[in-house]
Structures are given as C-alpha cells and as structure tokens.
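Inspection log for the structure reproduced underneath, given as structure tokens.
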Amino acid sequence: GVIQEDFYEVIKDADARAILGPSPYRLAYDFAMINCAWAMKELGNGETGYGVSFVCDEHEQYSPFAQEAFQNLKATNPNAAQYMTTFYSADEKKCAPLQAADAGVFEVRRALNLALKKWDGELRSQFNLLADGKTMFLITHSNKEQLEHLVANHKPGEPFQLDSLMEMKLGENIKLEI
C-alpha cells in the first residue's frame, strides 16, 4: 500500500510528480505486481516455474497504458520478471476474478488504514475469509521516506526498479490474532 497523504505531500515537488505520477495507484500496482512475483518465488522455494498472471479492469483510467507498463516493469526488474507471466485486460462486470480481487483489495486496504489509525472500526468478517486461507502474503505500506528514495533514484518516465523487493526475507510465519 501507498500512504496517500505521504504520496500527495511528496508530489508537491514537480520533479517528484514527474517521476511518481499524479496519483498513487500506478506505484501501488507496480508494488503489488513485484510483491506477487516475490510470493511466487517464495511458494516455489526460489525455483522458477511458478508464475503469476495479471488481469486489470479494461475500463480503468490507466488501462490503455497497462500492457506497456507491465512489459517495462518486467524489463527493468529481471529477478521479478522470472515469475511474472502474462497480463491482460477484461471487463470487471464479466470477469469474476476481477470482482473477487476488488473485494479482497478493499479488505486489505481497510486493514492497512485501521492499522495506521486512519480509519475507525475493526476488521470485518470478510477479512477473516482471507486470513483463514492456507497462505496469505503481506504487502507492507510505503511512507514518505521510501517515496523520496524512489524519486532520488529514478528519472521521469523510467519504470521503477523494484527488484530489491525480491530479496525480502520473513523470519517466521506471522500469526494473525483476529
């Protein structure tokens, strides 16, 4: 996740805006794709052959640029690219996996905002459906300092170099107390 307040604070600078873009969603998509590649690596114990396919809503604002962005992300992040297989677009009204993803993303976003004390309330039973699965991967949030690091190490229009995320290590399974 990308903390939106931090994102909008950072892009007040014109150079940062040229690098990160006008909204946090593109960066969040890139982080999510790299994290999915990392998850495939972990599931396969580092072996290639495990892969993830991506589908996006063809009616979203950035859909016309999504295929090219996916290819550029793969080209810039060769370690992640080994696990990133295909990308396509579909109509979310006709694609059940997209509908399920939207529901799941909402619950994860809600959990992040609750953890950051941005929203009031508790986790909903829908989140428990995710937590009760056999495997759940953690996607952390990016704050102002990390966003500024990206700006300092990229040029406008350049795909994000995120391959270092492929080296993440979790020392143990995380137990959720829900």
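Every chain in the structure tokens takes a letter, A first, then B, and so on in the order presented; its residues are numbered from 1, and the ligands are numbered from 1 following the presented order.
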
>> Applying 8 Å and only C-alpha atoms, which residues near Glu107 in chain A remain after dropping the ones on its own chain fewer than 6 positions away? List them as a list in words.
In response: Arg124, Gln126 and Phe127 of chain A

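Excluding range 37-47 of chain A itself and same-chain residues fewer than 5 positions from it, the residues having an atom within 9 Å of it are A:Ala32, A:Val52, A:Asn79, A:Ala80, A:Ala81, A:Gln82, A:Tyr83, A:Met84, A:Phe137, A:Leu165, A:Met166, A:Glu167, A:Met168, counting only C-alpha atoms.
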
> From the list A:Pro22, A:Gly121, A:Pro78, A:Gly104, which residue is nearest Asp163 in chain A when using only C-alpha atoms?
Replying inline: A:Pro78

> Near Leu27 in chain A, counting only C-alpha atoms, which residues have an atom at most 12 Å away, once you skip same-chain residues fewer than 3 positions from it, shown as a VMD selection string?
Replying inline: chain A and resid 1 to 4 7 17 19 to 24 30 to 34 62 69 to 70 73 141 to 142 146 to 147 150 to 151 159 to 162

> Can you list, as an MDAnalysis selection string, every residue of chain A that DSSP puts in alpha helix (DSSP H)?
Replying inline: chainID A and resid 4:10 14:20 25:43 63:76 78:81 96:115 125:131 144:152

> So which residues of chain A fall under strand (DSSP E) by DSSP, listed as number ranges by chain?
Replying inline: A: 52-57, 84-90

Include C-alpha atoms and write out the residues we just selected as a JSON list (two decimals), in the first residue's frame.
[["chain", "number", "residue", "atom", "x", "y", "z"],
["A", 52, "VAL", "CA", 1.61, -15.17, -11.70],
["A", 53, "SER", "CA", -0.70, -13.81, -14.39],
["A", 54, "PHE", "CA", -2.24, -10.37, -14.07],
["A", 55, "VAL", "CA", -5.60, -9.07, -15.24],
["A", 56, "CYS", "CA", -6.77, -5.48, -14.97],
["A", 57, "ASP", "CA", -10.08, -3.78, -15.48],
["A", 84, "MET", "CA", 5.59, -12.56, -13.98],
["A", 85, "THR", "CA", 3.91, -14.48, -16.79],
["A", 86, "THR", "CA", 1.02, -12.82, -18.61],
["A", 87, "PHE", "CA", -1.02, -9.64, -18.50],
["A", 88, "TYR", "CA", -4.40, -8.93, -19.99],
["A", 89, "SER", "CA", -7.43, -6.71, -19.54],
["A", 90, "ALA", "CA", -11.06, -7.68, -19.08]]
